[in-house]
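Asks: My structure is below; once you've seen it, I'll send some questions.
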Amino acid sequence: MKQPEIIDKSIVQGEKYRFTVITDKLIRMEFSEEGIFEDRSTQIVINRFTDDVDFEVKDSENMVEILTDAFHLCYMKEEAFAPHNLFVDARYRFTEYSNRWYYGQYIPTLKGSLRTVDEVDGEAELEESIISKAGYAVLDDSNSFIFNEDDTISPRGHQQKDIYFFAYGRDYLKAIKDFYRLSGHPPLLPRYALCNWWSRYWTYSEQSYLALMDRFEVEDIPFSVAVLDMDWHLTDIPSKYGSGWTGYTWNKEIFPDPESFLTKLHDRGLAVTLNVHPADGIRGFEEQYDIVADKLDLNKQMEEPASFDLMNETFRETYFEDVNHPLEEQGVDFWWIDWQQGEYSRSIVDPLWLLNHYYYEDLKKRENEALILSRFAGPGSQRYPVGFSGDSVISWESLRFQPYLTATSSNIGFTWWSHDIGGNNKGHRDEELILRWVQFGVFSLINRLHSSKSAFTSKEPWNYTDNIRKHMVKFLRLRHALIPYLYTLNVRNSEEGIPVIQPLYYNCAMDEAGYNNKNEYFFGDQLLVLPITNKRDEETLYGSERVYLPEGMWFDIFTNLRYGGKVEMKIYRDESMIPAFARAGCIIPLDHKPTETRAGDLPEEIEWLIYPGQSNAFDLVEDQNGIRSITTLELNVLDQRLTIKTEDLGKILPQNRKHIIQFNASKKVEVTSFENGKVEIARFSEDVNRTSVTIIPQNADHTTIRFDHFKIIKKQDISSELYKRLHRAQVRHYLKNDLLSSFDSDLTDFSLLALVDQIEEEYLSESLFELLYIKNS
């Protein structure tokens, strides 16, 4: 690993202490009794390039002070760091009494991530992060292992305090970007990882697994990743070898020709991952045992096992060269590294860290699109995506925790989570719960449907009643349609340090309400999402959540109804929708025909969802075989003009690609002129106030259309939504009739509000209040 570099003028150093001003808001603080300081890459920090920072140093006989625009550090020289001799004043006014941090003082951050949700039903305690409402936080790197120049790992050879102080105020995104600068950006994920994953702990055969994939294709349910849980390998082994959880030898009774099987999955457009539990090493029954035993000089007659030890260089070499690589050459694309062997190994290095690092680095050497699925091992884990959160209990409590965990993990830079969508074990059958979980999965980082080894928990949509099945399929198709948007977010995450999912407060840091809704998050910078994680009430038969909409205008992407911002309120959604809001001027690119495009291919038709109220632009990024293309859609609402520009020097885009422009939340839009293209189709859908215009660019790198009437609807019609909600409500018909008549009458909005407020039915009252708010937004 390349070792970090430091600019000398950024260092303030004494015999036993060293301070490095990395940015005007970030400082490294080191103390060593031996005067030995660490310049090599560590488990957490791999880069210490410093800015050309304008800072002041006051250096006296007993004290050193360092001042920037963001902090003022004071240290009593040569004493070991302690609260009485080291403190930092952050230059912000976000705390009630003091903005001073004393060394060692606990800072209540907005939390970060966690290692696993195994055996947890509901909420679990999250670790700390670098994001705090106080405006400052610390990152302790004192106990990290070291990366040597030959990329081997070793514990630190000396005792040292090694602390980073972050003083970014409430510029949370800037703090994360600079954390990435220290710790490394998340790598770019392969495009196929962004669609739906099929995962189930089940003893499939080659025939049954291929038949299942074919059934998905017939049903037009797109999947891109085939996950084979542990039963791909031998599990029923002689008792003398111990547990059958660890294995590397195909079970030929159910997979007689593994290479042919994997080829057939690839032919269906699926990437393949195998589940491995490495803890028990390589034992005598494995196909690979003889060659491993020879290289490790084991007693083959006694079937001496090869203990799993990635700190042992000889074992590490034979493990990857003789065990993993042959399976990869058969067609395994990446690995699901399960069961992390606890937190201890023969060295003091966490074995999970070793697994994640060496697995990912080995794959990266062999192919451009490296990927693993493994648990979070602490700060720095963002360099080894994707995270496996563990075995989720099937319950509303577990679902309710996952959006919070996903969004909050961005506070420590961990931005690629794969949860057991639908839950893994325990619980009971609840179709509503499964659907709501799938909806969250579609608007999460990785959508991996999973279940335990039970005949009753599998997530095939046809296992559910017709209504639930219909909506599961709709949302699984939507996930595939979102790939163009998701891939662009993927690129921004990797190259610009912008997390794909961000907690609500990243975008409204000074609004106290933005910190109250733990499950609400931004999905990229265009969408605000709040998954339904509560069972529907028996009065309205709708699911509900309390939302906070920041300042501005927001449009429900399913109904196109408009909500004014700067408001907290209860919102209601039936099973066909999840609360997802687009900003004014929002632009979202989709695959217009998700059931016809494999995840690794580029769509023939791009559908652009656009919303009125503000001018905007979106750069759609697409890669193929290492070549990049960028398609920019520019929306100018003042000039009523839309331009599509394409940079496709590598000619990777489909020829004659069509663009379907969806003018949302507006009365009928009329195209008045176009340049370097033609309008093929234009139609208006009155039920959702959407005009669809199909554009075919012609022999040019840009196409422009002009239009009229793409404007915000001043008075929104809620009659259809009102009838839908009243019709479904399990209340008296007389009450329904009276409410419908009242809303249709000339009553003032104030009178309607008073009427709704008097209804004894609490849930219906809240649902109708939402509609009144929409009516007046």
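In the structure tokens, each chain is lettered A, B, ... as it comes, each chain's residues begin at 1, and ligands are numbered from 1 in order of appearance.
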Excluding same-chain residues fewer than 6 positions from Glu125 (chain A), what lies within 12 Å of it counting only C-alpha atoms, as a ChimeraX atom specification?

Replies: /A:110-117,401,404-405,408

Asks: Skipping near chain neighbours, those fewer than 2 positions away, what residues fall within 7 Å of region 76-92 of chain A using only C-alpha atoms, listed as an mmCIF file with C-alpha atoms, in the first residue's frame?

Replies:
data_model
loop_
_atom_site.group_PDB
_atom_site.id
_atom_site.type_symbol
_atom_site.label_atom_id
_atom_site.label_comp_id
_atom_site.auth_asym_id
_atom_site.auth_seq_id
_atom_site.Cartn_x
_atom_site.Cartn_y
_atom_site.Cartn_z
ATOM 1 C CA LYS A 16 7.291 13.502 22.737
ATOM 2 C CA TYR A 17 4.446 15.179 20.895
ATOM 3 C CA PHE A 31 2.024 11.532 21.916
ATOM 4 C CA ASN A 62 5.549 25.410 28.641
ATOM 5 C CA MET A 63 2.733 25.580 26.122
ATOM 6 C CA VAL A 64 2.026 25.265 22.437
ATOM 7 C CA ALA A 70 -12.127 26.465 13.027
ATOM 8 C CA PHE A 71 -10.267 25.553 16.227
ATOM 9 C CA HIS A 72 -7.803 26.663 18.906
ATOM 10 C CA LEU A 73 -5.668 23.911 20.428
ATOM 11 C CA CYS A 74 -3.731 24.332 23.690
ATOM 12 C CA PHE A 94 -23.662 24.788 18.658
ATOM 13 C CA ASN A 99 -17.491 24.556 22.876
ATOM 14 C CA ARG A 100 -14.324 23.237 24.543
ATOM 15 C CA TRP A 101 -13.239 19.613 24.300
ATOM 16 C CA TYR A 102 -10.861 18.272 26.930
ATOM 17 C CA TYR A 103 -8.680 15.350 25.915
ATOM 18 C CA GLY A 104 -10.447 12.053 26.633
ATOM 19 C CA GLY A 135 -19.623 20.700 15.608
ATOM 20 C CA TYR A 136 -16.625 18.588 16.574
ATOM 21 C CA ALA A 167 -13.952 20.571 13.729
ATOM 22 C CA GLY A 169 -19.271 22.471 12.564
#

Asks: Using only C-alpha atoms, determine which residues lie at most 8 Å from region 744-755 of chain A, disregarding the query and same-chain residues fewer than 4 positions distant; provide the list as a list in words.

Replies: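 So, after excluding close chain neighbours, the residues are Leu740, Ile759, Phe769 and Leu772 of chain A.
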
Asks: Find the spatial neighbours of Leu189 (chain A), counting only C-alpha atoms, within a cut-off of 7 Å - ignore same-chain residues fewer than 2 positions away - and output them as number ranges by chain.

Replies: A: 187, 191, 193, 369, 490

Asks: Once you have the residues from the selection above, write them out as an mmCIF file, in the first residue's frame, restricted to C-alpha atoms.

Replies:
data_model
loop_
_atom_site.group_PDB
_atom_site.id
_atom_site.type_symbol
_atom_site.label_atom_id
_atom_site.label_comp_id
_atom_site.auth_asym_id
_atom_site.auth_seq_id
_atom_site.Cartn_x
_atom_site.Cartn_y
_atom_site.Cartn_z
ATOM 1 C CA PRO A 187 -14.386 1.835 -4.511
ATOM 2 C CA ARG A 191 -23.068 -1.996 -12.212
ATOM 3 C CA ALA A 193 -24.455 -4.931 -7.858
ATOM 4 C CA GLU A 369 -14.593 -4.980 -10.602
ATOM 5 C CA ASN A 490 -22.104 5.188 -7.118
#

Asks: When you look at region 207-211 of chain A with a cut-off of 12 Å (counting only C-alpha atoms), what residues show up, excluding the ones that are within fewer than 5 positions of it in the same chain? I need them as a PyMOL selection string.

Replies: chain A and resi 198-200+202+216-218+226-229+232+253-258+260-268+270

Asks: Just to be explicit: take each residue in the selection above, keep C-alpha atoms, and write the result as a PDB file, in the first residue's frame.

Replies:
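What follows is the written file again.pdb:
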ATOM      1  CA  TRP A 198     -31.518 -13.372  -4.972  1.00  0.00           C
ATOM      2  CA  SER A 199     -30.299 -14.982  -1.764  1.00  0.00           C
ATOM      3  CA  ARG A 200     -31.677 -17.878   0.252  1.00  0.00           C
ATOM      4  CA  TRP A 202     -31.523 -23.480   0.921  1.00  0.00           C
ATOM      5  CA  PHE A 216     -38.032 -14.997 -12.537  1.00  0.00           C
ATOM      6  CA  GLU A 217     -37.302 -14.237 -16.183  1.00  0.00           C
ATOM      7  CA  VAL A 218     -40.701 -15.504 -17.325  1.00  0.00           C
ATOM      8  CA  ALA A 226     -27.205 -15.059  -7.751  1.00  0.00           C
ATOM      9  CA  VAL A 227     -26.167 -15.785  -4.167  1.00  0.00           C
ATOM     10  CA  LEU A 228     -25.403 -19.397  -3.251  1.00  0.00           C
ATOM     11  CA  ASP A 229     -25.488 -19.901   0.479  1.00  0.00           C
ATOM     12  CA  TRP A 232     -23.107 -25.269  -2.440  1.00  0.00           C
ATOM     13  CA  GLU A 253     -24.466 -34.685  -5.890  1.00  0.00           C
ATOM     14  CA  ILE A 254     -26.439 -31.481  -6.439  1.00  0.00           C
ATOM     15  CA  PHE A 255     -23.945 -29.565  -8.607  1.00  0.00           C
ATOM     16  CA  PRO A 256     -22.327 -32.287 -10.762  1.00  0.00           C
ATOM     17  CA  ASP A 257     -20.687 -29.810 -13.172  1.00  0.00           C
ATOM     18  CA  PRO A 258     -20.016 -26.540 -11.308  1.00  0.00           C
ATOM     19  CA  SER A 260     -21.199 -25.503 -16.538  1.00  0.00           C
ATOM     20  CA  PHE A 261     -23.673 -24.383 -13.877  1.00  0.00           C
ATOM     21  CA  LEU A 262     -21.887 -21.071 -13.331  1.00  0.00           C
ATOM     22  CA  THR A 263     -21.665 -20.513 -17.082  1.00  0.00           C
ATOM     23  CA  LYS A 264     -25.427 -20.974 -17.360  1.00  0.00           C
ATOM     24  CA  LEU A 265     -25.961 -18.363 -14.647  1.00  0.00           C
ATOM     25  CA  HIS A 266     -23.643 -15.948 -16.450  1.00  0.00           C
ATOM     26  CA  ASP A 267     -25.515 -16.609 -19.686  1.00  0.00           C
ATOM     27  CA  ARG A 268     -28.648 -15.448 -17.876  1.00  0.00           C
ATOM     28  CA  LEU A 270     -26.243 -13.059 -13.393  1.00  0.00           C
TER      29      LEU A 270
END

Asks: Could you give me, as a list in words, the residues within 12 Å of Asp338 (chain A), counting only C-alpha atoms and dropping anything in the same chain fewer than 6 positions from it?

Replies: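 Answer for this query is Thr116, Asp118, Asp229, Met230, Trp245, Thr246, Gly247, Thr273, Leu274, Asn275, Val276, His277, Pro278, Ala279, Pro351, Leu352, Leu355, Asn356, Ile372, Leu373, Ser374, Arg375, Phe376, Gly387, Phe388, Ser389, Gly390 and Asp391 of chain A.
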
Asks: Include C-alpha atoms and write out the residues we just selected as an mmCIF file, in the first residue's frame.

Replies:
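result.cif was written with the following content:
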data_model
loop_
_atom_site.group_PDB
_atom_site.id
_atom_site.type_symbol
_atom_site.label_atom_id
_atom_site.label_comp_id
_atom_site.auth_asym_id
_atom_site.auth_seq_id
_atom_site.Cartn_x
_atom_site.Cartn_y
_atom_site.Cartn_z
ATOM 1 C CA THR A 116 -23.577 -7.083 13.065
ATOM 2 C CA ASP A 118 -26.961 -11.124 14.566
ATOM 3 C CA ASP A 229 -25.488 -19.901 0.479
ATOM 4 C CA MET A 230 -23.351 -22.510 2.205
ATOM 5 C CA TRP A 245 -20.003 -24.919 8.081
ATOM 6 C CA THR A 246 -16.563 -24.397 6.584
ATOM 7 C CA GLY A 247 -16.141 -25.842 3.098
ATOM 8 C CA THR A 273 -21.233 -15.141 -5.218
ATOM 9 C CA LEU A 274 -20.559 -18.122 -2.946
ATOM 10 C CA ASN A 275 -20.964 -18.068 0.825
ATOM 11 C CA VAL A 276 -17.893 -19.141 2.819
ATOM 12 C CA HIS A 277 -17.336 -19.632 6.573
ATOM 13 C CA PRO A 278 -13.527 -19.702 6.722
ATOM 14 C CA ALA A 279 -12.963 -20.339 10.447
ATOM 15 C CA PRO A 351 -9.625 -11.545 11.875
ATOM 16 C CA LEU A 352 -12.586 -9.827 10.210
ATOM 17 C CA LEU A 355 -10.589 -11.348 5.802
ATOM 18 C CA ASN A 356 -12.008 -8.159 4.328
ATOM 19 C CA ILE A 372 -17.013 -8.786 -1.391
ATOM 20 C CA LEU A 373 -19.964 -9.198 0.972
ATOM 21 C CA SER A 374 -18.805 -9.115 4.573
ATOM 22 C CA ARG A 375 -19.444 -7.523 7.948
ATOM 23 C CA PHE A 376 -18.400 -4.045 9.069
ATOM 24 C CA GLY A 387 -21.307 -4.692 4.085
ATOM 25 C CA PHE A 388 -23.416 -7.634 5.284
ATOM 26 C CA SER A 389 -25.362 -6.478 8.332
ATOM 27 C CA GLY A 390 -26.022 -9.998 9.624
ATOM 28 C CA ASP A 391 -28.959 -12.315 10.214
#

Asks: As a VMD selection string, which residues of region 436-573 of chain A does DSSP assign to helix (DSSP H, G or I)?

Replies: chain A and resid 436 to 442 461 to 463 466 to 481 483 to 496 504 to 506 512 to 515

Asks: Output N, CA and C atoms for every residue in the selection just made, as a CSV table (one decimal), in the first residue's frame.

Replies:
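Wrote again-v4.csv, looks like this:
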chain,number,residue,atom,x,y,z
A,436,ARG,N,-43.3,-4.1,2.8
A,436,ARG,CA,-42.7,-2.9,3.3
A,436,ARG,C,-41.2,-3.0,3.3
A,437,TRP,N,-40.7,-4.2,3.6
A,437,TRP,CA,-39.3,-4.4,3.7
A,437,TRP,C,-38.7,-4.4,2.2
A,438,VAL,N,-39.4,-4.9,1.3
A,438,VAL,CA,-38.9,-4.9,-0.1
A,438,VAL,C,-38.9,-3.4,-0.6
A,439,GLN,N,-40.0,-2.7,-0.2
A,439,GLN,CA,-40.0,-1.3,-0.6
A,439,GLN,C,-38.8,-0.5,-0.1
A,440,PHE,N,-38.4,-0.8,1.2
A,440,PHE,CA,-37.2,-0.1,1.7
A,440,PHE,C,-36.0,-0.6,0.9
A,441,GLY,N,-35.9,-1.9,0.6
A,441,GLY,CA,-34.8,-2.5,-0.1
A,441,GLY,C,-34.6,-1.8,-1.4
A,442,VAL,N,-35.7,-1.5,-2.1
A,442,VAL,CA,-35.6,-0.8,-3.4
A,442,VAL,C,-35.0,0.6,-3.3
A,461,PRO,N,-42.1,-13.7,-5.1
A,461,PRO,CA,-43.3,-13.0,-5.0
A,461,PRO,C,-44.6,-13.9,-5.2
A,462,TRP,N,-44.5,-14.9,-5.9
A,462,TRP,CA,-45.6,-15.8,-6.1
A,462,TRP,C,-46.0,-16.6,-4.9
A,463,ASN,N,-45.2,-16.5,-3.8
A,463,ASN,CA,-45.6,-17.2,-2.6
A,463,ASN,C,-46.5,-16.3,-1.8
A,466,ASP,N,-52.2,-12.2,-4.1
A,466,ASP,CA,-52.1,-11.5,-5.4
A,466,ASP,C,-51.8,-10.0,-5.2
A,467,ASN,N,-52.4,-9.4,-4.3
A,467,ASN,CA,-52.1,-7.9,-4.1
A,467,ASN,C,-50.7,-7.7,-3.7
A,468,ILE,N,-50.2,-8.4,-2.7
A,468,ILE,CA,-48.8,-8.3,-2.2
A,468,ILE,C,-47.9,-8.7,-3.4
A,469,ARG,N,-48.1,-9.7,-4.0
A,469,ARG,CA,-47.3,-10.2,-5.1
A,469,ARG,C,-47.2,-9.1,-6.2
A,470,LYS,N,-48.3,-8.5,-6.6
A,470,LYS,CA,-48.3,-7.5,-7.6
A,470,LYS,C,-47.4,-6.3,-7.2
A,471,HIS,N,-47.5,-5.9,-6.0
A,471,HIS,CA,-46.6,-4.7,-5.6
A,471,HIS,C,-45.2,-5.1,-5.4
A,472,MET,N,-44.9,-6.3,-4.9
A,472,MET,CA,-43.5,-6.8,-4.8
A,472,MET,C,-42.9,-6.7,-6.2
A,473,VAL,N,-43.5,-7.3,-7.2
A,473,VAL,CA,-43.0,-7.3,-8.6
A,473,VAL,C,-42.8,-5.9,-9.1
A,474,LYS,N,-43.8,-5.0,-8.9
A,474,LYS,CA,-43.6,-3.6,-9.3
A,474,LYS,C,-42.4,-3.0,-8.7
A,475,PHE,N,-42.2,-3.2,-7.5
A,475,PHE,CA,-41.0,-2.5,-6.8
A,475,PHE,C,-39.7,-3.2,-7.2
A,476,LEU,N,-39.7,-4.5,-7.4
A,476,LEU,CA,-38.4,-5.1,-7.9
A,476,LEU,C,-38.1,-4.6,-9.3
A,477,ARG,N,-39.1,-4.3,-10.1
A,477,ARG,CA,-38.8,-3.7,-11.4
A,477,ARG,C,-38.3,-2.3,-11.3
A,478,LEU,N,-38.9,-1.6,-10.3
A,478,LEU,CA,-38.5,-0.2,-10.1
A,478,LEU,C,-37.0,-0.2,-9.7
A,479,ARG,N,-36.6,-1.1,-8.9
A,479,ARG,CA,-35.2,-1.1,-8.5
A,479,ARG,C,-34.3,-1.2,-9.7
A,480,HIS,N,-34.6,-2.1,-10.6
A,480,HIS,CA,-33.8,-2.3,-11.8
A,480,HIS,C,-33.9,-1.0,-12.6
A,481,ALA,N,-35.0,-0.4,-12.7
A,481,ALA,CA,-35.2,0.9,-13.5
A,481,ALA,C,-34.3,2.0,-12.9
A,483,ILE,N,-31.3,1.8,-11.9
A,483,ILE,CA,-29.8,1.6,-12.0
A,483,ILE,C,-29.1,2.8,-12.6
A,484,PRO,N,-29.6,3.5,-13.7
A,484,PRO,CA,-28.9,4.7,-14.2
A,484,PRO,C,-28.7,5.8,-13.1
A,485,TYR,N,-29.7,6.0,-12.3
A,485,TYR,CA,-29.6,7.0,-11.2
A,485,TYR,C,-28.6,6.5,-10.2
A,486,LEU,N,-28.7,5.2,-9.8
A,486,LEU,CA,-27.9,4.6,-8.7
A,486,LEU,C,-26.4,4.5,-9.2
A,487,TYR,N,-26.2,4.2,-10.4
A,487,TYR,CA,-24.8,4.1,-10.9
A,487,TYR,C,-24.1,5.5,-10.8
A,488,THR,N,-24.8,6.5,-11.2
A,488,THR,CA,-24.3,7.9,-11.1
A,488,THR,C,-24.0,8.2,-9.6
A,489,LEU,N,-24.9,7.8,-8.7
A,489,LEU,CA,-24.6,8.1,-7.3
A,489,LEU,C,-23.4,7.2,-6.9
A,490,ASN,N,-23.2,6.1,-7.4
A,490,ASN,CA,-22.1,5.2,-7.1
A,490,ASN,C,-20.8,5.9,-7.5
A,491,VAL,N,-20.8,6.5,-8.7
A,491,VAL,CA,-19.6,7.2,-9.2
A,491,VAL,C,-19.3,8.4,-8.3
A,492,ARG,N,-20.3,9.2,-7.9
A,492,ARG,CA,-20.1,10.3,-7.0
A,492,ARG,C,-19.6,9.9,-5.7
A,493,ASN,N,-20.1,8.8,-5.2
A,493,ASN,CA,-19.6,8.3,-3.9
A,493,ASN,C,-18.1,7.9,-3.9
A,494,SER,N,-17.7,7.2,-5.0
A,494,SER,CA,-16.4,6.8,-5.1
A,494,SER,C,-15.4,7.9,-5.5
A,495,GLU,N,-15.8,8.8,-6.3
A,495,GLU,CA,-14.9,9.8,-6.8
A,495,GLU,C,-15.0,11.2,-6.1
A,496,GLU,N,-16.1,11.5,-5.6
A,496,GLU,CA,-16.3,12.8,-5.0
A,496,GLU,C,-16.5,12.7,-3.5
A,504,LEU,N,-31.1,12.8,7.0
A,504,LEU,CA,-31.9,14.0,6.7
A,504,LEU,C,-31.1,15.3,7.1
A,505,TYR,N,-30.5,15.3,8.3
A,505,TYR,CA,-29.8,16.5,8.8
A,505,TYR,C,-28.6,16.9,8.0
A,506,TYR,N,-28.1,16.1,7.1
A,506,TYR,CA,-27.0,16.6,6.2
A,506,TYR,C,-27.5,17.8,5.4
A,512,GLU,N,-33.9,21.8,13.9
A,512,GLU,CA,-33.9,20.8,14.9
A,512,GLU,C,-34.8,19.6,14.5
A,513,ALA,N,-35.8,19.9,13.8
A,513,ALA,CA,-36.7,18.8,13.3
A,513,ALA,C,-36.0,17.8,12.4
A,514,GLY,N,-34.9,18.2,11.8
A,514,GLY,CA,-34.2,17.3,10.9
A,514,GLY,C,-33.5,16.2,11.6
A,515,TYR,N,-33.3,16.3,12.9
A,515,TYR,CA,-32.7,15.3,13.7
A,515,TYR,C,-33.6,14.3,14.4
